[in-house]
$ cat upload_34.txt   # compact mmCIF, C-alpha atoms and all ligand atoms
# COMPACT_ATOMS: atom_id res chain seq x y z
CA MET A 21 -12.47 -1.94 18.92
CA ILE A 22 -10.12 -4.34 17.10
CA ASP A 23 -12.29 -7.24 18.28
CA LEU A 24 -15.46 -5.66 16.88
CA VAL A 25 -13.80 -4.80 13.57
CA ARG A 26 -12.52 -8.38 13.34
CA GLN A 27 -15.96 -9.70 14.32
CA ALA A 28 -17.46 -7.68 11.45
CA GLY A 29 -15.20 -9.65 9.13
CA ILE A 30 -12.51 -7.07 8.34
CA ASP A 31 -8.92 -8.29 8.07
CA VAL A 32 -7.10 -6.76 11.07
CA SER A 33 -3.72 -8.45 10.57
CA ASP A 34 -2.05 -5.13 9.68
CA TRP A 35 -2.98 -3.70 13.09
CA ALA A 36 0.02 -5.57 14.51
CA ASN A 37 2.39 -3.69 12.17
CA TYR A 38 3.65 -1.00 14.54
CA GLU A 39 6.25 -0.88 17.26
CA ARG A 40 4.11 -2.28 20.07
CA GLY A 41 2.00 -4.29 17.66
CA ARG A 42 2.98 -7.71 18.90
CA GLU A 43 1.68 -7.22 22.44
CA ASN A 44 -1.10 -4.75 21.70
CA PRO A 45 -2.33 -4.56 18.09
CA GLY A 46 -5.63 -3.00 19.25
CA ALA A 47 -3.78 0.18 20.25
CA ASN A 48 -2.25 0.77 16.80
CA PRO A 49 -2.76 4.52 16.38
CA LYS A 50 -3.11 4.10 12.62
CA TYR A 51 -6.36 2.19 13.15
CA CYS A 52 -7.71 2.45 16.66
CA TYR A 53 -8.97 6.04 16.27
CA GLU A 54 -10.45 5.42 12.82
CA TRP A 55 -14.19 5.85 12.26
CA ALA A 56 -14.44 3.83 9.06
CA PHE A 57 -13.06 0.51 7.83
CA VAL A 58 -13.45 -0.65 4.26
CA GLU A 59 -13.36 -4.12 2.76
CA PRO A 60 -13.51 -3.26 -0.96
CA GLY A 61 -16.31 -4.95 -2.85
CA VAL A 62 -17.66 -6.56 0.31
CA GLN A 63 -18.61 -4.18 3.10
CA VAL A 64 -17.94 -1.02 5.06
CA VAL A 65 -17.74 -0.77 8.85
CA LEU A 66 -18.58 2.58 10.45
CA ASN A 67 -18.48 3.87 14.01
CA LEU A 68 -21.70 5.73 14.77
CA TRP A 69 -22.87 7.44 17.95
CA HIS A 70 -25.98 5.97 19.47
CA GLU A 71 -27.27 9.38 20.53
CA ALA A 72 -27.16 10.62 16.92
CA MET A 73 -29.50 7.88 15.68
CA ARG A 74 -33.10 8.85 15.07
CA GLU A 75 -36.35 6.98 14.68
CA VAL A 76 -37.70 7.68 11.22
CA ASN A 77 -40.56 5.88 9.44
CA ALA A 78 -40.60 3.00 11.92
CA GLY A 79 -36.88 2.43 11.56
CA ILE A 80 -33.57 3.83 12.74
CA GLU A 81 -31.59 6.28 10.66
CA GLN A 82 -28.60 8.48 10.99
CA TYR A 83 -28.14 11.66 9.05
CA PHE A 84 -24.72 13.18 8.33
CA ASN A 85 -23.30 16.08 6.55
CA PHE A 86 -19.58 15.65 6.21
CA ARG A 87 -19.14 19.22 5.04
CA GLY A 88 -21.62 20.95 7.33
CA ALA A 89 -21.00 23.58 9.99
CA SER A 90 -19.25 21.23 12.40
CA ALA A 91 -16.86 20.18 9.61
CA SER A 92 -15.73 23.73 8.91
CA GLN A 93 -15.21 24.33 12.65
CA GLU A 94 -13.06 21.23 12.96
CA LYS A 95 -9.53 22.36 13.84
CA SER A 96 -7.77 19.04 14.27
CA GLY A 97 -6.09 17.88 11.07
CA ALA A 98 -6.29 14.27 12.18
CA ARG A 99 -10.03 14.51 12.78
CA LYS A 100 -10.50 16.27 9.44
CA ALA A 101 -8.70 13.40 7.72
CA ARG A 102 -10.82 10.85 9.58
CA ARG A 103 -13.93 12.71 8.57
CA ARG A 104 -12.78 12.65 4.95
CA ARG A 105 -12.09 8.90 5.07
CA MET A 106 -15.50 8.37 6.67
CA GLU A 107 -17.13 10.22 3.79
CA GLU A 108 -15.10 8.20 1.25
CA ALA A 109 -16.31 4.99 2.90
CA VAL A 110 -19.93 6.17 2.78
CA ALA A 111 -19.57 7.21 -0.87
CA LEU A 112 -18.11 3.81 -1.72
CA ALA A 113 -20.86 1.95 0.12
CA TYR A 114 -23.45 4.03 -1.69
CA GLY A 115 -21.90 3.87 -5.14
CA SER A 116 -21.17 0.14 -4.97
CA GLY A 117 -24.25 -0.90 -2.99
CA LEU A 118 -22.13 -2.36 -0.18
CA PRO A 119 -23.68 -3.35 3.13
CA VAL A 120 -22.63 -1.30 6.15
CA ARG A 121 -21.90 -2.82 9.55
CA VAL A 122 -22.17 -0.37 12.41
CA ILE A 123 -20.18 -0.22 15.64
CA VAL A 124 -22.51 1.67 17.97
CA LEU A 125 -20.73 4.06 20.32
CA ASP A 126 -22.00 5.30 23.64
CA GLY A 127 -20.35 7.90 25.86
CA ASP A 128 -19.47 11.59 25.70
CA ARG A 129 -19.11 12.94 22.21
CA GLN A 130 -16.62 15.66 21.63
CA ALA A 131 -18.24 18.97 22.49
CA ASN A 132 -16.76 22.39 23.25
CA GLY A 133 -13.29 21.08 22.58
CA LYS A 134 -13.51 18.37 25.23
CA PRO A 135 -12.13 15.02 24.16
CA THR A 136 -14.42 12.21 23.17
CA ARG A 137 -14.92 9.50 25.75
CA VAL A 138 -16.38 6.24 24.53
CA SER A 139 -17.91 4.23 27.36
CA ALA A 140 -19.35 1.36 25.33
CA ARG A 141 -18.99 -0.17 21.90
CA LEU A 142 -21.20 -2.76 20.29
CA LEU A 143 -21.30 -4.33 16.84
CA ASP A 144 -24.87 -4.01 15.59
CA PRO A 145 -25.95 -7.50 14.42
CA LEU A 146 -28.19 -5.95 11.75
CA PRO A 147 -26.69 -4.56 8.54
CA TRP A 148 -27.21 -0.93 7.60
CA ALA A 149 -27.21 0.68 4.17
CA VAL A 150 -26.48 4.14 2.83
CA THR A 151 -29.88 5.09 1.44
CA ARG A 152 -28.85 8.53 0.26
CA TYR A 153 -25.58 10.26 -0.47
CA ASN A 154 -25.14 13.58 -2.22
CA ASP A 155 -21.58 13.96 -3.41
CA THR A 156 -22.04 17.67 -4.05
CA THR A 157 -23.17 18.60 -0.54
CA GLY A 158 -21.80 15.66 1.44
CA GLU A 159 -25.21 14.87 2.94
CA CYS A 160 -26.05 11.26 3.56
CA ILE A 161 -28.57 9.05 5.27
CA LEU A 162 -27.89 5.61 6.70
CA ARG A 163 -30.71 3.27 7.63
CA ARG A 164 -30.64 0.26 9.90
CA GLY A 165 -31.87 -3.17 8.88
CA VAL A 166 -32.21 -2.57 5.15
CA ALA A 167 -30.35 -4.57 2.56
CA ALA A 168 -27.85 -2.78 0.43
CA SER A 169 -28.94 -2.59 -3.17
CA ALA A 170 -30.42 -5.81 -4.53
CA TYR A 171 -28.73 -5.13 -7.85
CA ALA A 172 -25.13 -4.67 -8.88
CA ASP A 173 -23.28 -3.80 -12.08
CA GLN A 174 -19.71 -3.95 -13.36
CA PHE A 175 -18.74 -0.85 -11.35
CA SER A 176 -19.92 -2.44 -8.10
CA LEU A 177 -17.40 -5.26 -8.28
CA SER A 178 -14.12 -5.21 -6.40
CA PRO A 179 -11.02 -5.11 -8.59
CA PRO A 180 -10.13 -8.65 -9.69
CA ASP A 181 -6.47 -8.25 -8.69
CA GLY A 182 -7.60 -7.95 -5.07
CA LYS A 183 -5.45 -4.89 -4.48
CA SER A 184 -6.67 -2.86 -1.57
CA GLY A 185 -9.43 -0.93 -3.24
CA LYS A 186 -7.20 1.44 -5.14
CA ARG A 187 -9.04 2.21 -8.34
CA GLU A 188 -7.02 2.35 -11.50
CA VAL A 189 -8.16 5.54 -13.08
CA THR A 190 -7.27 6.08 -16.69
CA ALA A 191 -8.01 9.02 -18.91
CA THR A 192 -10.65 7.05 -20.79
CA VAL A 193 -12.78 6.44 -17.71
CA ARG A 194 -15.56 8.95 -17.54
CA GLU A 195 -17.48 9.81 -14.43
CA ARG A 196 -20.70 7.83 -14.11
CA ASP A 197 -23.39 8.96 -11.75
CA PRO A 198 -24.06 6.12 -9.26
CA GLU A 199 -27.62 7.40 -8.89
CA VAL A 200 -28.22 6.85 -12.62
CA ARG A 201 -26.78 3.32 -12.50
CA ARG A 202 -28.80 2.52 -9.41
CA PHE A 203 -32.01 3.74 -11.02
CA ALA A 204 -31.35 1.86 -14.28
CA LEU A 205 -30.69 -1.38 -12.38
CA GLN A 206 -33.83 -0.97 -10.27
CA ARG A 207 -35.88 -0.27 -13.38
CA ALA A 208 -34.61 -3.40 -15.16
CA LYS A 209 -35.60 -5.49 -12.09
CA GLY A 210 -32.72 -7.90 -12.65
CA LYS A 211 -33.51 -8.75 -16.26
CA CYS A 212 -31.48 -7.95 -19.37
CA GLN A 213 -33.34 -5.24 -21.25
CA PHE A 214 -32.37 -6.82 -24.56
CA CYS A 215 -33.15 -10.52 -24.09
CA GLY A 216 -35.09 -10.56 -20.82
CA ALA A 217 -32.80 -13.18 -19.25
CA PRO A 218 -32.25 -12.76 -15.51
CA GLY A 219 -28.82 -11.60 -14.34
CA PHE A 220 -26.79 -13.99 -12.25
CA GLN A 221 -26.54 -13.95 -8.48
CA LEU A 222 -23.39 -12.52 -6.87
CA SER A 223 -22.01 -14.14 -3.74
CA ASN A 224 -23.43 -11.28 -1.66
CA GLY A 225 -26.92 -12.10 -2.99
CA SER A 226 -27.42 -9.17 -5.31
CA THR A 227 -28.32 -9.67 -8.97
CA PHE A 228 -25.69 -8.74 -11.53
CA LEU A 229 -26.31 -6.95 -14.82
CA GLU A 230 -24.11 -4.46 -16.62
CA THR A 231 -25.13 -0.86 -17.09
CA HIS A 232 -24.68 0.46 -20.60
CA HIS A 233 -25.00 3.85 -22.27
CA VAL A 234 -27.07 3.26 -25.41
CA ILE A 235 -25.56 6.36 -27.02
CA PRO A 236 -21.95 6.15 -25.81
CA LEU A 237 -20.61 9.03 -23.75
CA SER A 238 -17.84 9.28 -26.34
CA GLU A 239 -20.51 10.06 -28.96
CA GLY A 240 -22.08 12.73 -26.82
CA GLY A 241 -24.60 10.44 -25.10
CA VAL A 242 -25.78 11.70 -21.73
CA ASP A 243 -25.18 10.04 -18.38
CA SER A 244 -28.85 9.96 -17.56
CA VAL A 245 -31.54 7.35 -16.99
CA CYS A 246 -32.95 8.13 -20.44
CA ASN A 247 -29.73 6.76 -21.98
CA VAL A 248 -28.73 3.93 -19.63
CA VAL A 249 -29.96 0.33 -19.76
CA ALA A 250 -29.08 -2.83 -17.86
CA LEU A 251 -27.87 -5.75 -19.98
CA CYS A 252 -26.61 -9.28 -19.43
CA PRO A 253 -22.81 -9.42 -19.91
CA ASN A 254 -23.22 -11.22 -23.21
CA HIS A 255 -25.48 -8.63 -24.76
CA HIS A 256 -23.42 -5.84 -23.28
CA ARG A 257 -20.34 -7.04 -25.20
CA GLU A 258 -22.46 -7.60 -28.27
CA ALA A 259 -23.93 -4.10 -28.03
CA HIS A 260 -20.36 -2.78 -28.20
CA TYR A 261 -18.64 -5.22 -30.57
CA GLY A 262 -21.28 -7.31 -32.34
CA SER A 263 -21.82 -7.11 -36.09
CA ASN A 264 -25.42 -6.17 -35.27
CA ALA A 265 -24.48 -3.51 -32.70
CA GLU A 266 -26.41 -0.93 -34.68
CA ALA A 267 -29.62 -2.99 -34.57
CA ILE A 268 -29.17 -3.59 -30.83
CA ARG A 269 -28.79 0.15 -30.32
CA GLU A 270 -32.00 0.83 -32.24
CA HIS A 271 -33.85 -1.78 -30.19
CA LEU A 272 -32.55 -0.39 -26.88
CA LEU A 273 -33.54 3.13 -27.89
CA SER A 274 -37.07 1.91 -28.48
CA VAL A 275 -37.02 0.08 -25.12
CA LEU A 276 -35.93 3.29 -23.42
CA SER A 277 -38.55 5.38 -25.14
CA GLY A 278 -41.17 2.96 -23.83
CA THR A 279 -40.03 3.21 -20.18
ZN ZN A 301 -29.25 -10.24 -22.71
ZN ZN A 302 -21.65 -0.38 -22.55
$ encode --input "upload_34.txt" --output "structure tokens"
Amino acid sequence: MIDLVRQAGIDVSDWANYERGRENPGANPKYCYEWAFVEPGVQVVLNLWHEAMREVNAGIEQYFNFRGASASQEKSGARKARRRRMEEAVALAYGSGLPVRVIVLDGDRQANGKPTRVSARLLDPLPWAVTRYNDTTGECILRRGVAASAYADQFSLSPPDGKSGKREVTATVRERDPEVRRFALQRAKGKCQFCGAPGFQLSNGSTFLETHHVIPLSEGGVDSVCNVVALCPNHHREAHYGSNAEAIREHLLSVLSGT
């Protein structure tokens, strides 16, 4: 497994940090039973069972519900925690539009309390993407061979300090619905909705614009597609701090009413 995770591009140097790490980092219990590996801002690697994949609309998909019946029957605390981390990884991939690499597992899945036996592992050369994730129910759909979102905004970026994905959460940060951001970015098609200039290209190929609430949440604006636009970074700052912020707001409201 360590070889496949490394092959996917994840840093595995910490696997050696345990008592037998020097001779056998691949057996580090902190990692070797994990189902999900996250490289913040870049990608997510998930272990998926081959037998759970389904052919849907001429492609391959896998459906999950992290909080379904099997989750409530789960007795092992360790497996519950792994399940939770798997869901967190999926939520991150979905919210940030990260590509997913899949390690395909074959063998006997855990059933009737029998232990799982993996007979083969393979890193799928094609990327996957989380095409749907419902954070209320835990349902999600992954699809093989589709690009993660072509568009990204300021919330999709990894933290600039490079710290391991821990989000600084302050009291002023309000919850933003990733579905709303995603829709607003798709609707703008990569162009600033104030000046029409195209967003720039990120290193992962997606187009960057910033999502902006025309009526700020702090003024009672709603977190909905009828109040969110995509702007170039310049006009986003100007919409907040420019001397003509009021005129920009009026213009964006008229743009939104025309969509
Ligand atoms: Zn602009
Ligand atoms: Zn804004």
$ axis_aligned_box --input "upload_34.txt" --around "range 262-276 of chain A" --padding-each-side "3 Å" --output "lines of an AutoDock Vina configuration file"
center_x = -29.2
center_y = -2.0
center_z = -29.8
size_x = 21.8
size_y = 16.6
size_z = 18.7
$ residues_near_ligand --input "upload_34.txt" --ligand "ligand ZN 302 (chain A)" --cutoff "8 Å" --atoms "all atoms listed in the file" --output "PyMOL selection string"
chain A and resi 230-234+236+256-257+259-260
$ closest_atom_pairs --input "upload_34.txt" --of "chain A" --to "ligand ZN 301 (chain A)" --cutoff "7 Å" --atoms "all atoms listed in the file" --output "JSON lines"
{"residue": "A:Cys212", "atom": "CA", "partner": "A:ZN301", "partner_atom": "ZN", "distance": 4.6}
{"residue": "A:Gln213", "atom": "CA", "partner": "A:ZN301", "partner_atom": "ZN", "distance": 6.6}
{"residue": "A:Phe214", "atom": "CA", "partner": "A:ZN301", "partner_atom": "ZN", "distance": 5.0}
{"residue": "A:Cys215", "atom": "CA", "partner": "A:ZN301", "partner_atom": "ZN", "distance": 4.1}
{"residue": "A:Gly216", "atom": "CA", "partner": "A:ZN301", "partner_atom": "ZN", "distance": 6.1}
{"residue": "A:Ala217", "atom": "CA", "partner": "A:ZN301", "partner_atom": "ZN", "distance": 5.8}
{"residue": "A:Leu251", "atom": "CA", "partner": "A:ZN301", "partner_atom": "ZN", "distance": 5.4}
{"residue": "A:Cys252", "atom": "CA", "partner": "A:ZN301", "partner_atom": "ZN", "distance": 4.3}
{"residue": "A:Asn254", "atom": "CA", "partner": "A:ZN301", "partner_atom": "ZN", "distance": 6.1}
{"residue": "A:His255", "atom": "CA", "partner": "A:ZN301", "partner_atom": "ZN", "distance": 4.6}
$ atom_distance --input "upload_34.txt" --atom1 "CA of Gly278 in chain A" --atom2 "CA of Asp243 in chain A"
18.3 Å
$ closest_residue --input "upload_34.txt" --among "A:Gly158, A:Asn67, A:Tyr114, A:Arg163" --to "Glu54 in chain A" --atoms "only C-alpha atoms"
A:Asn67
$ atom_distance --input "upload_34.txt" --atom1 "CA of Leu112 in chain A" --atom2 "CA of Asp128 in chain A"
28.5 Å
$ residues_around --input "upload_34.txt" --residues "range 40-46 of chain A" --least-positions-apart "3" --cutoff "12 Å" --atoms "all atoms listed in the file" --output "mmCIF file with C-alpha atoms, keeping the file's coordinate frame"
data_model
loop_
_atom_site.group_PDB
_atom_site.id
_atom_site.type_symbol
_atom_site.label_atom_id
_atom_site.label_comp_id
_atom_site.auth_asym_id
_atom_site.auth_seq_id
_atom_site.Cartn_x
_atom_site.Cartn_y
_atom_site.Cartn_z
ATOM 1 C CA MET A 21 -12.470 -1.940 18.920
ATOM 2 C CA ILE A 22 -10.120 -4.340 17.100
ATOM 3 C CA ASP A 23 -12.290 -7.240 18.280
ATOM 4 C CA LEU A 24 -15.460 -5.660 16.880
ATOM 5 C CA VAL A 25 -13.800 -4.800 13.570
ATOM 6 C CA ARG A 26 -12.520 -8.380 13.340
ATOM 7 C CA VAL A 32 -7.100 -6.760 11.070
ATOM 8 C CA SER A 33 -3.720 -8.450 10.570
ATOM 9 C CA ASP A 34 -2.050 -5.130 9.680
ATOM 10 C CA TRP A 35 -2.980 -3.700 13.090
ATOM 11 C CA ALA A 36 0.020 -5.570 14.510
ATOM 12 C CA ASN A 37 2.390 -3.690 12.170
ATOM 13 C CA PRO A 49 -2.760 4.520 16.380
ATOM 14 C CA LYS A 50 -3.110 4.100 12.620
ATOM 15 C CA TYR A 51 -6.360 2.190 13.150
ATOM 16 C CA CYS A 52 -7.710 2.450 16.660
ATOM 17 C CA TYR A 53 -8.970 6.040 16.270
ATOM 18 C CA GLU A 54 -10.450 5.420 12.820
#
$ closest_residue --input "upload_34.txt" --among "A:Ser277, A:His70, A:Ser169, A:Ala98" --to "Ser139 in chain A" --atoms "only C-alpha atoms"
A:His70
$ residues_around --input "upload_34.txt" --residues "Arg137 in chain A" --least-positions-apart "6" --cutoff "10 Å" --atoms "all atoms listed in the file" --output "list in words"
Leu125, Asp126, Gly127, Asp128, Arg129 and Gln130 of chain A
$ decode --input "upload_34.txt" --residues "range 245-258 of chain A" --atoms "all heavy atoms" --output "tab-separated table (two decimals), in the first residue's frame"
chain	number	residue	atom	x	y	z
A	245	VAL	N	-27.24	31.04	-4.90
A	245	VAL	CA	-26.73	31.40	-6.23
A	245	VAL	C	-27.32	32.73	-6.72
A	245	VAL	O	-26.76	33.35	-7.61
A	245	VAL	CB	-27.01	30.29	-7.26
A	245	VAL	CG1	-26.25	29.03	-6.88
A	245	VAL	CG2	-28.49	30.02	-7.40
A	246	CYS	N	-28.43	33.17	-6.12
A	246	CYS	CA	-28.98	34.46	-6.53
A	246	CYS	C	-28.23	35.62	-5.90
A	246	CYS	O	-28.52	36.79	-6.19
A	246	CYS	CB	-30.48	34.53	-6.21
A	246	CYS	SG	-30.81	34.45	-4.45
A	247	ASN	N	-27.24	35.34	-5.06
A	247	ASN	CA	-26.48	36.42	-4.41
A	247	ASN	C	-24.97	36.23	-4.55
A	247	ASN	O	-24.20	36.97	-3.94
A	247	ASN	CB	-26.88	36.50	-2.92
A	247	ASN	CG	-26.27	37.70	-2.21
A	247	ASN	OD1	-26.20	38.80	-2.78
A	247	ASN	ND2	-25.80	37.50	-0.99
A	248	VAL	N	-24.53	35.23	-5.31
A	248	VAL	CA	-23.09	34.96	-5.41
A	248	VAL	C	-22.63	35.09	-6.86
A	248	VAL	O	-23.23	34.54	-7.77
A	248	VAL	CB	-22.76	33.55	-4.87
A	248	VAL	CG1	-21.29	33.20	-5.10
A	248	VAL	CG2	-23.06	33.47	-3.37
A	249	VAL	N	-21.56	35.87	-7.04
A	249	VAL	CA	-20.96	36.03	-8.36
A	249	VAL	C	-19.51	35.58	-8.30
A	249	VAL	O	-18.93	35.41	-7.23
A	249	VAL	CB	-21.00	37.50	-8.85
A	249	VAL	CG1	-22.42	37.94	-9.16
A	249	VAL	CG2	-20.33	38.43	-7.84
A	250	ALA	N	-18.91	35.41	-9.49
A	250	ALA	CA	-17.48	35.10	-9.58
A	250	ALA	C	-16.78	36.33	-10.17
A	250	ALA	O	-17.21	36.87	-11.18
A	250	ALA	CB	-17.28	33.88	-10.48
A	251	LEU	N	-15.72	36.76	-9.48
A	251	LEU	CA	-15.01	37.97	-9.89
A	251	LEU	C	-13.52	37.70	-10.01
A	251	LEU	O	-12.98	36.82	-9.33
A	251	LEU	CB	-15.20	39.08	-8.84
A	251	LEU	CG	-16.63	39.57	-8.59
A	251	LEU	CD1	-16.63	40.58	-7.44
A	251	LEU	CD2	-17.23	40.19	-9.84
A	252	CYS	N	-12.84	38.50	-10.84
A	252	CYS	CA	-11.37	38.45	-10.83
A	252	CYS	C	-10.91	39.01	-9.48
A	252	CYS	O	-11.63	39.80	-8.85
A	252	CYS	CB	-10.80	39.23	-12.01
A	252	CYS	SG	-11.03	41.02	-11.91
A	253	PRO	N	-9.72	38.61	-9.01
A	253	PRO	CA	-9.26	39.06	-7.68
A	253	PRO	C	-9.26	40.57	-7.55
A	253	PRO	O	-9.61	41.12	-6.48
A	253	PRO	CB	-7.84	38.48	-7.59
A	253	PRO	CG	-7.87	37.27	-8.46
A	253	PRO	CD	-8.79	37.63	-9.62
A	254	ASN	N	-8.90	41.26	-8.61
A	254	ASN	CA	-8.87	42.72	-8.58
A	254	ASN	C	-10.25	43.31	-8.29
A	254	ASN	O	-10.42	44.15	-7.39
A	254	ASN	CB	-8.36	43.21	-9.94
A	254	ASN	CG	-7.62	44.52	-9.82
A	254	ASN	OD1	-7.07	44.82	-8.76
A	254	ASN	ND2	-7.63	45.29	-10.88
A	255	HIS	N	-11.22	42.86	-9.06
A	255	HIS	CA	-12.56	43.42	-8.86
A	255	HIS	C	-13.20	42.92	-7.57
A	255	HIS	O	-14.08	43.58	-7.04
A	255	HIS	CB	-13.43	43.15	-10.09
A	255	HIS	CG	-13.08	44.09	-11.20
A	255	HIS	ND1	-12.73	43.66	-12.46
A	255	HIS	CD2	-12.99	45.44	-11.21
A	255	HIS	CE1	-12.44	44.72	-13.21
A	255	HIS	NE2	-12.59	45.81	-12.48
A	256	HIS	N	-12.74	41.76	-7.10
A	256	HIS	CA	-13.27	41.30	-5.82
A	256	HIS	C	-12.85	42.25	-4.70
A	256	HIS	O	-13.67	42.70	-3.89
A	256	HIS	CB	-12.81	39.88	-5.53
A	256	HIS	CG	-13.47	39.30	-4.32
A	256	HIS	ND1	-12.95	38.28	-3.58
A	256	HIS	CD2	-14.64	39.64	-3.70
A	256	HIS	CE1	-13.76	38.00	-2.56
A	256	HIS	NE2	-14.79	38.82	-2.61
A	257	ARG	N	-11.54	42.60	-4.69
A	257	ARG	CA	-11.08	43.57	-3.67
A	257	ARG	C	-11.81	44.90	-3.83
A	257	ARG	O	-12.23	45.52	-2.86
A	257	ARG	CB	-9.57	43.79	-3.81
A	257	ARG	CG	-8.67	42.65	-3.35
A	257	ARG	CD	-8.79	42.37	-1.88
A	257	ARG	NE	-9.61	41.18	-1.69
A	257	ARG	CZ	-9.92	40.64	-0.54
A	257	ARG	NH1	-9.49	41.19	0.58
A	257	ARG	NH2	-10.67	39.57	-0.46
A	258	GLU	N	-11.92	45.31	-5.10
A	258	GLU	CA	-12.55	46.61	-5.34
A	258	GLU	C	-14.02	46.61	-4.89
A	258	GLU	O	-14.51	47.60	-4.34
A	258	GLU	CB	-12.44	46.98	-6.83
A	258	GLU	CG	-12.77	48.44	-7.08
A	258	GLU	CD	-12.47	48.88	-8.51
A	258	GLU	OE1	-12.04	48.05	-9.34
A	258	GLU	OE2	-12.71	50.08	-8.78
